[in-house]
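run37.tsv follows; it contains TSV, C-alpha atoms and all ligand atoms.
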chain	number	residue	atom	x	y	z
A	194	MET	CA	-46.15	-37.97	-106.22
A	195	THR	CA	-44.43	-34.58	-106.70
A	196	MET	CA	-43.54	-34.17	-110.33
A	197	THR	CA	-40.64	-31.77	-110.34
A	198	GLY	CA	-37.61	-32.16	-112.58
A	199	ILE	CA	-37.40	-34.41	-115.62
A	200	TRP	CA	-39.75	-37.37	-116.16
A	201	ILE	CA	-39.92	-39.97	-118.92
A	202	MET	CA	-43.03	-41.43	-120.58
A	203	ARG	CA	-42.25	-44.66	-122.45
A	204	ILE	CA	-44.92	-45.61	-125.00
A	205	GLY	CA	-45.46	-49.01	-126.64
A	206	HIS	CA	-43.59	-51.25	-124.18
A	207	ARG	CA	-44.08	-54.96	-124.96
A	208	PRO	CA	-42.93	-56.86	-121.85
A	209	GLN	CA	-41.47	-59.90	-123.60
A	210	ARG	CA	-39.93	-58.21	-126.61
A	211	ASP	CA	-38.76	-54.95	-125.04
A	212	LYS	CA	-37.70	-56.02	-121.59
A	213	ARG	CA	-34.00	-55.23	-121.99
A	214	VAL	CA	-34.53	-52.07	-123.99
A	215	THR	CA	-37.08	-50.61	-121.57
A	216	THR	CA	-34.89	-51.59	-118.61
A	217	HIS	CA	-32.03	-49.71	-120.24
A	218	VAL	CA	-34.25	-46.71	-121.01
A	219	ALA	CA	-35.12	-46.56	-117.29
A	220	LEU	CA	-31.53	-47.09	-116.07
A	221	SER	CA	-30.17	-44.51	-118.50
A	222	ALA	CA	-32.87	-42.03	-117.50
A	223	ARG	CA	-31.95	-42.53	-113.83
A	224	ALA	CA	-28.21	-42.28	-114.42
A	225	LEU	CA	-28.57	-39.16	-116.53
A	226	GLY	CA	-30.69	-37.20	-114.08
A	227	ALA	CA	-34.40	-37.97	-114.63
A	228	LYS	CA	-36.63	-38.24	-111.57
A	229	GLY	CA	-38.75	-41.12	-112.79
A	230	ILE	CA	-40.32	-43.06	-115.62
A	231	PHE	CA	-43.86	-44.00	-116.60
A	232	ILE	CA	-44.43	-47.04	-118.81
A	233	ASP	CA	-47.72	-47.68	-120.55
A	234	THR	CA	-47.86	-51.47	-120.16
A	235	GLY	CA	-47.96	-53.04	-116.69
A	236	ASP	CA	-44.71	-54.93	-115.98
A	237	ARG	CA	-44.03	-55.96	-112.41
A	238	VAL	CA	-40.71	-57.66	-113.22
A	239	LEU	CA	-39.38	-54.48	-114.80
A	240	GLU	CA	-40.53	-52.39	-111.81
A	241	ASP	CA	-38.81	-54.77	-109.38
A	242	ASN	CA	-35.55	-54.74	-111.38
A	243	ILE	CA	-35.35	-50.96	-111.41
A	244	LYS	CA	-36.33	-50.68	-107.73
A	245	SER	CA	-33.59	-53.16	-106.87
A	246	VAL	CA	-30.97	-51.00	-108.62
A	247	CYS	CA	-32.28	-47.94	-106.76
A	248	GLU	CA	-32.09	-49.76	-103.42
A	249	ARG	CA	-28.46	-50.65	-104.04
A	250	PHE	CA	-27.19	-47.54	-105.81
A	251	GLY	CA	-29.38	-44.89	-104.21
A	252	GLY	CA	-31.45	-41.93	-105.30
A	253	ASP	CA	-35.21	-41.65	-105.35
A	254	PHE	CA	-35.93	-42.59	-108.99
A	255	GLN	CA	-39.59	-43.58	-109.42
A	256	ILE	CA	-41.01	-46.20	-111.79
A	257	THR	CA	-44.70	-46.66	-112.54
A	258	THR	CA	-46.03	-49.11	-115.13
A	259	GLY	CA	-49.50	-49.69	-116.53
A	260	VAL	CA	-50.51	-46.06	-117.13
A	261	LYS	CA	-52.18	-44.25	-120.01
A	262	TRP	CA	-49.82	-41.74	-121.62
A	263	LYS	CA	-52.67	-39.31	-122.25
A	264	ASP	CA	-53.53	-39.21	-118.53
A	265	ILE	CA	-49.92	-38.74	-117.50
A	266	VAL	CA	-49.34	-35.94	-119.97
A	267	LYS	CA	-52.72	-34.30	-119.25
A	268	ASN	CA	-51.94	-34.09	-115.54
A	269	PHE	CA	-48.37	-32.90	-116.03
A	270	ASP	CA	-47.64	-29.25	-115.43
A	271	GLY	CA	-44.52	-28.63	-117.52
A	272	VAL	CA	-42.94	-28.87	-120.95
A	273	VAL	CA	-43.60	-31.98	-123.05
A	274	VAL	CA	-40.74	-33.08	-125.33
A	275	HIS	CA	-41.19	-35.96	-127.78
A	276	LEU	CA	-38.02	-37.56	-129.14
A	277	THR	CA	-38.44	-38.59	-132.76
A	278	MET	CA	-36.13	-38.79	-135.77
A	279	TYR	CA	-38.62	-36.55	-137.62
A	280	GLY	CA	-38.43	-33.70	-135.12
A	281	GLN	CA	-36.54	-30.41	-135.19
A	282	ARG	CA	-32.78	-30.44	-134.74
A	283	LEU	CA	-31.54	-31.02	-131.21
A	284	ASP	CA	-29.13	-28.07	-131.23
A	285	ARG	CA	-31.88	-25.65	-132.36
A	286	ALA	CA	-34.44	-27.12	-129.96
A	287	LEU	CA	-32.11	-26.70	-126.98
A	288	GLU	CA	-31.98	-22.98	-127.70
A	289	THR	CA	-35.73	-22.67	-127.12
A	290	ILE	CA	-36.74	-25.39	-124.65
A	291	PRO	CA	-37.15	-23.68	-121.25
A	292	ASP	CA	-34.72	-24.93	-118.58
A	293	ASP	CA	-36.68	-23.50	-115.65
A	294	ARG	CA	-39.77	-25.74	-115.99
A	295	ASP	CA	-40.48	-29.38	-115.24
A	296	MET	CA	-40.20	-31.67	-118.26
A	297	MET	CA	-41.87	-34.83	-119.55
A	298	ILE	CA	-39.90	-36.62	-122.27
A	299	ILE	CA	-41.83	-39.11	-124.43
A	300	VAL	CA	-40.00	-41.96	-126.16
A	301	GLY	CA	-41.56	-44.70	-128.26
A	302	ALA	CA	-40.88	-48.35	-128.97
A	303	GLU	CA	-42.62	-48.88	-132.30
A	304	LYS	CA	-44.50	-46.21	-134.22
A	305	VAL	CA	-46.07	-43.72	-131.80
A	306	PRO	CA	-49.64	-42.44	-132.32
A	307	PRO	CA	-49.99	-39.14	-134.25
A	308	GLU	CA	-51.55	-37.48	-131.17
A	309	VAL	CA	-48.14	-37.60	-129.49
A	310	TYR	CA	-46.67	-35.35	-132.20
A	311	GLU	CA	-49.65	-32.99	-131.83
A	312	ARG	CA	-49.58	-32.89	-128.03
A	313	ALA	CA	-45.82	-32.40	-127.64
A	314	ASP	CA	-44.61	-28.85	-127.11
A	315	PHE	CA	-41.37	-29.86	-128.85
A	316	ASN	CA	-40.76	-32.75	-131.29
A	317	VAL	CA	-37.00	-33.14	-131.18
A	318	SER	CA	-34.67	-35.29	-133.27
A	319	VAL	CA	-31.31	-36.50	-132.06
A	320	GLY	CA	-29.90	-36.70	-135.55
A	321	ASN	CA	-32.13	-37.50	-138.55
A	322	GLN	CA	-31.28	-41.21	-138.72
A	323	PRO	CA	-33.33	-43.96	-137.09
A	324	HIS	CA	-31.59	-45.38	-134.03
A	325	SER	CA	-32.70	-46.15	-130.51
A	326	GLU	CA	-34.75	-44.69	-127.69
A	327	ILE	CA	-31.87	-45.41	-125.29
A	328	ALA	CA	-29.41	-43.44	-127.39
A	329	ALA	CA	-31.84	-40.61	-128.16
A	330	LEU	CA	-32.84	-40.19	-124.52
A	331	SER	CA	-29.28	-40.39	-123.22
A	332	ILE	CA	-27.91	-37.83	-125.65
A	333	PHE	CA	-30.85	-35.48	-125.04
A	334	LEU	CA	-30.51	-35.71	-121.25
A	335	ASP	CA	-26.75	-35.31	-121.32
A	336	ARG	CA	-26.97	-32.21	-123.51
A	337	PHE	CA	-29.91	-30.71	-121.59
A	338	THR	CA	-28.22	-31.17	-118.19
A	339	SER	CA	-24.71	-30.42	-119.50
A	340	GLY	CA	-23.59	-33.78	-118.11
A	341	ASN	CA	-24.17	-32.67	-114.52
A	342	ALA	CA	-25.91	-35.88	-113.41
A	343	LEU	CA	-23.13	-38.26	-114.41
A	344	TYR	CA	-21.17	-38.35	-111.14
A	345	GLU	CA	-23.81	-37.05	-108.73
A	346	ASP	CA	-23.73	-38.68	-105.32
A	347	ARG	CA	-26.92	-40.81	-104.97
A	348	ASP	CA	-26.29	-41.74	-101.34
A	349	GLY	CA	-26.63	-45.46	-102.13
A	350	LYS	CA	-25.60	-48.58	-100.22
A	351	PHE	CA	-22.93	-48.95	-102.88
A	352	THR	CA	-20.91	-46.21	-104.55
A	353	VAL	CA	-18.65	-46.82	-107.50
A	354	ILE	CA	-15.48	-44.73	-107.37
A	355	PRO	CA	-14.23	-43.76	-110.83
A	356	ASN	CA	-10.94	-45.47	-111.63
A	357	GLU	CA	-8.38	-45.44	-114.37
A	358	ARG	CA	-8.13	-49.23	-113.99
A	359	GLY	CA	-9.83	-51.82	-111.83
A	360	LYS	CA	-13.13	-51.65	-109.98
A	361	THR	CA	-13.64	-49.77	-106.74
A	362	VAL	CA	-17.01	-50.20	-105.07
A	363	VAL	CA	-17.53	-48.76	-101.62
A	364	GLU	CA	-20.24	-50.21	-99.39
A	365	VAL	CA	-21.60	-47.47	-97.18
A	366	PRO	CA	-22.79	-48.72	-93.79
A	367	LYS	CA	-26.28	-47.36	-92.99
B	401	LIG	N1	-39.99	-46.38	-136.65
B	401	LIG	C1	-40.42	-45.73	-135.44
B	401	LIG	C2	-41.15	-44.45	-135.77
B	401	LIG	O1	-41.48	-44.23	-136.91
B	401	LIG	O2	-41.43	-43.68	-134.84
B	401	LIG	C3	-39.21	-45.43	-134.57
B	401	LIG	C4	-38.94	-46.52	-133.61
B	401	LIG	S1	-37.45	-46.26	-132.68
B	401	LIG	C5	-36.76	-47.86	-132.56
B	401	LIG	C6	-38.07	-46.07	-131.04
B	401	LIG	C7	-37.95	-44.68	-130.48
B	401	LIG	O3	-36.60	-44.26	-130.50
B	401	LIG	C8	-38.72	-43.59	-131.19
B	401	LIG	O4	-40.08	-43.59	-130.86
B	401	LIG	C9	-37.99	-42.35	-130.68
B	401	LIG	O5	-38.49	-41.95	-129.42
B	401	LIG	C10	-36.55	-42.84	-130.53
B	401	LIG	N2	-35.67	-42.45	-131.64
B	401	LIG	C11	-35.12	-43.25	-132.58
B	401	LIG	N3	-34.35	-42.55	-133.42
B	401	LIG	C12	-34.40	-41.26	-133.01
B	401	LIG	C13	-33.79	-40.05	-133.47
B	401	LIG	N4	-32.99	-40.01	-134.52
B	401	LIG	N5	-34.07	-38.92	-132.79
B	401	LIG	C14	-34.88	-38.93	-131.71
B	401	LIG	N6	-35.48	-40.05	-131.23
B	401	LIG	C15	-35.24	-41.19	-131.87

Show me the file's structure as structure tokens.
Amino acid sequence: MTMTGIWIMRIGHRPQRDKRVTTHVALSARALGAKGIFIDTGDRVLEDNIKSVCERFGGDFQITTGVKWKDIVKNFDGVVVHLTMYGQRLDRALETIPDDRDMMIIVGAEKVPPEVYERADFNVSVGNQPHSEIAALSIFLDRFTSGNALYEDRDGKFTVIPNERGKTVVEVPK
């Protein structure tokens, strides 16, 4: 797998308890411009759900579950950003995080192990209040990419055309 662009490492996924949240972390990552997501706990149902969205709406977003975060991060050649409410301010961090290197963004579910804070090149907070990995990741990605991924053409079977009212979905014959 070529690991260029922005990747997500989701730590602490509990298949029963976190299934909707982790699904939304993956869908938000995809919609906001990440290339793929790694999830520490194996979850075939989650993989199939995300792959089904990709088949319908396009793009080449990758999902891999059942991996060790240390292995993923060790083998990654790029900048490692950990999103945590305890990290440095987002606006200050964005001034120093390189935008010409590949990036791995780590988000947790419950408390993440201390090694994550030590290994990360940048521990970044999206505000200093506790909230959600979906919100933190989405705001970070939107700011880092200046919103450029939002209406990118993904060359999918279905394309949603933005509308003031109503729903327009175009099915593209392949
Ligand atoms: N209590 C947990 C802790 O001490 O790390 C936080 C759990 S929170 C529900 C799950 C994840 O959301 C965190 O691991 C972090 O990645 C992200 N998160 C929550 N609030 C954040 C914030 N203000 N800034 C950045 N990331 C945040």

List all protein, DNA and RNA residues that have any atom at most 8 Å from ligand LIG 401 (chain B), counting only C-alpha atoms and all ligand atoms, and write the list as a PDB file with C-alpha atoms, keeping the file's coordinate frame.
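Okay, this is what ended up in result-v9.pdb:
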ATOM      1  CA  ILE A 204     -44.920 -45.610-125.000  1.00  0.00           C
ATOM      2  CA  HIS A 275     -41.190 -35.960-127.780  1.00  0.00           C
ATOM      3  CA  LEU A 276     -38.020 -37.560-129.140  1.00  0.00           C
ATOM      4  CA  THR A 277     -38.440 -38.590-132.760  1.00  0.00           C
ATOM      5  CA  MET A 278     -36.130 -38.790-135.770  1.00  0.00           C
ATOM      6  CA  TYR A 279     -38.620 -36.550-137.620  1.00  0.00           C
ATOM      7  CA  GLY A 280     -38.430 -33.700-135.120  1.00  0.00           C
ATOM      8  CA  ILE A 299     -41.830 -39.110-124.430  1.00  0.00           C
ATOM      9  CA  VAL A 300     -40.000 -41.960-126.160  1.00  0.00           C
ATOM     10  CA  GLY A 301     -41.560 -44.700-128.260  1.00  0.00           C
ATOM     11  CA  ALA A 302     -40.880 -48.350-128.970  1.00  0.00           C
ATOM     12  CA  GLU A 303     -42.620 -48.880-132.300  1.00  0.00           C
ATOM     13  CA  LYS A 304     -44.500 -46.210-134.220  1.00  0.00           C
ATOM     14  CA  VAL A 305     -46.070 -43.720-131.800  1.00  0.00           C
ATOM     15  CA  VAL A 317     -37.000 -33.140-131.180  1.00  0.00           C
ATOM     16  CA  SER A 318     -34.670 -35.290-133.270  1.00  0.00           C
ATOM     17  CA  VAL A 319     -31.310 -36.500-132.060  1.00  0.00           C
ATOM     18  CA  GLY A 320     -29.900 -36.700-135.550  1.00  0.00           C
ATOM     19  CA  ASN A 321     -32.130 -37.500-138.550  1.00  0.00           C
ATOM     20  CA  GLN A 322     -31.280 -41.210-138.720  1.00  0.00           C
ATOM     21  CA  PRO A 323     -33.330 -43.960-137.090  1.00  0.00           C
ATOM     22  CA  HIS A 324     -31.590 -45.380-134.030  1.00  0.00           C
ATOM     23  CA  SER A 325     -32.700 -46.150-130.510  1.00  0.00           C
ATOM     24  CA  GLU A 326     -34.750 -44.690-127.690  1.00  0.00           C
ATOM     25  CA  ILE A 327     -31.870 -45.410-125.290  1.00  0.00           C
ATOM     26  CA  ALA A 328     -29.410 -43.440-127.390  1.00  0.00           C
ATOM     27  CA  ALA A 329     -31.840 -40.610-128.160  1.00  0.00           C
ATOM     28  CA  LEU A 330     -32.840 -40.190-124.520  1.00  0.00           C
TER      29      LEU A 330
END

d(CA of Ile201 in chain A, CA of Arg249 in chain A) in Å: 21.6 Å

Nearest candidate to Lys263 in chain A (options A:Met196, A:Ile232, A:Val365, A:Ala219; using only C-alpha atoms):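 Between A:Met196, A:Ile232, A:Val365, A:Ala219, the residue approaching Lys263 in chain A most closely is A:Ile232.
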
Residue nearest Leu225 in chain A among A:Trp262, A:Tyr310, A:Phe315, A:Phe254 (counting only C-alpha atoms): A:Phe254

Nearest to Tyr344 in chain A by atom-to-atom distance, counting all atoms listed in the file, from A:Val218, A:Val273, A:Arg207, A:Gly226: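 Using all atoms listed in the file, Tyr344 in chain A sits closest to A:Gly226.
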
Point-to-point distance in Å for CA of Asp233 in chain A and CA of Leu283 in chain A: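 These atoms are spaced 25.6 Å apart.
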
Two-atom distance - CA of Asp284 in chain A, CA of Arg203 in chain A (Å):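 Rounded to one decimal, the two atoms are 22.9 Å apart.
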
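Among A:Val274, A:Ile230, A:Leu287, A:Leu220, the residue with the shortest atom-to-atom distance to Ser339 in chain A, counting only C-alpha atoms, is A:Leu287.
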
Cut-off 10 Å around (-46.3, -53.8, -116.7) with only C-alpha atoms: residues as number ranges by chain: A: 206-208, 232-240, 257-260

Work out where the centre of an axis-aligned box around every listed atom of range 225-242 of chain A lies and how long its edges are once 8 Å is added on each side; give both in Å to one decimal as JSON.
{"center_x": -38.3, "center_y": -47.4, "center_z": -115.0, "size_x": 35.4, "size_y": 36.5, "size_z": 27.2}

Shell of 6 Å around Ala227 in chain A, all atoms listed in the file, local chain residues under 3 positions omitted, as a PyMOL selection string: chain A and resi 199-200+222-223

Residue with smallest distance to Lys267 in chain A - pool A:Glu288, A:Ser331, A:Asp348, A:Ala313, counting all atoms listed in the file: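 Of the candidates, the smallest distance to Lys267 in chain A is held by A:Ala313.
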
Distance criterion (only C-alpha atoms): nearest to Lys350 in chain A out of A:Thr215, A:Ser245, A:Thr195, A:Ser221: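 So, comparing all the options, the nearest one is A:Ser245.
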
Neighbour list for Val266 in chain A as a list in words, cut-off 10 Å, only C-alpha atoms, skip fewer than 2 positions in-chain: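 Within the cut-off, the hits are Met202, Lys261, Trp262, Lys263, Asp264, Asn268, Phe269, Asp270, Gly271, Val272, Val273, Met297, Ile298, Ile299, Val309, Arg312 and Ala313 of chain A.
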
Fix up range 346-363 of chain A with N, CA and C atoms, then write it as a short mmCIF file (atom, residue, chain, number, x, y, z; two decimals), in the frame of the given file.
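Final file, out-v6.cif:
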data_model
loop_
_atom_site.label_atom_id
_atom_site.label_comp_id
_atom_site.auth_asym_id
_atom_site.auth_seq_id
_atom_site.Cartn_x
_atom_site.Cartn_y
_atom_site.Cartn_z
N ASP A 346 -23.67 -37.71 -106.41
CA ASP A 346 -23.73 -38.68 -105.32
C ASP A 346 -25.20 -39.06 -105.08
N ARG A 347 -25.52 -40.36 -105.15
CA ARG A 347 -26.92 -40.81 -104.97
C ARG A 347 -27.16 -41.35 -103.58
N ASP A 348 -26.13 -41.30 -102.72
CA ASP A 348 -26.29 -41.74 -101.34
C ASP A 348 -26.78 -43.19 -101.27
N GLY A 349 -26.20 -44.06 -102.09
CA GLY A 349 -26.63 -45.46 -102.13
C GLY A 349 -25.88 -46.34 -101.15
N LYS A 350 -26.33 -47.58 -101.03
CA LYS A 350 -25.60 -48.58 -100.22
C LYS A 350 -24.23 -48.82 -100.84
N PHE A 351 -24.19 -48.74 -102.16
CA PHE A 351 -22.93 -48.95 -102.88
C PHE A 351 -22.62 -47.71 -103.72
N THR A 352 -21.35 -47.31 -103.69
CA THR A 352 -20.91 -46.21 -104.55
C THR A 352 -19.72 -46.69 -105.36
N VAL A 353 -19.77 -46.46 -106.64
CA VAL A 353 -18.65 -46.82 -107.50
C VAL A 353 -17.73 -45.61 -107.61
N ILE A 354 -16.46 -45.82 -107.28
CA ILE A 354 -15.48 -44.73 -107.37
C ILE A 354 -14.79 -44.81 -108.73
N PRO A 355 -14.86 -43.72 -109.51
CA PRO A 355 -14.23 -43.76 -110.83
C PRO A 355 -12.74 -44.08 -110.74
N ASN A 356 -12.26 -44.86 -111.68
CA ASN A 356 -10.94 -45.47 -111.63
C ASN A 356 -10.31 -45.47 -113.00
N GLU A 357 -9.03 -45.28 -113.07
CA GLU A 357 -8.38 -45.44 -114.37
C GLU A 357 -8.35 -46.90 -114.77
N ARG A 358 -8.12 -47.77 -113.78
CA ARG A 358 -8.13 -49.23 -113.99
C ARG A 358 -8.74 -49.88 -112.77
N GLY A 359 -9.29 -51.08 -112.96
CA GLY A 359 -9.83 -51.82 -111.83
C GLY A 359 -11.21 -51.32 -111.44
N LYS A 360 -11.77 -51.97 -110.42
CA LYS A 360 -13.13 -51.65 -109.98
C LYS A 360 -13.09 -51.30 -108.51
N THR A 361 -13.56 -50.12 -108.15
CA THR A 361 -13.64 -49.77 -106.74
C THR A 361 -15.09 -49.51 -106.38
N VAL A 362 -15.63 -50.37 -105.53
CA VAL A 362 -17.01 -50.20 -105.07
C VAL A 362 -16.96 -50.07 -103.56
N VAL A 363 -17.54 -48.98 -103.06
CA VAL A 363 -17.53 -48.76 -101.62
C VAL A 363 -18.91 -49.07 -101.07
#
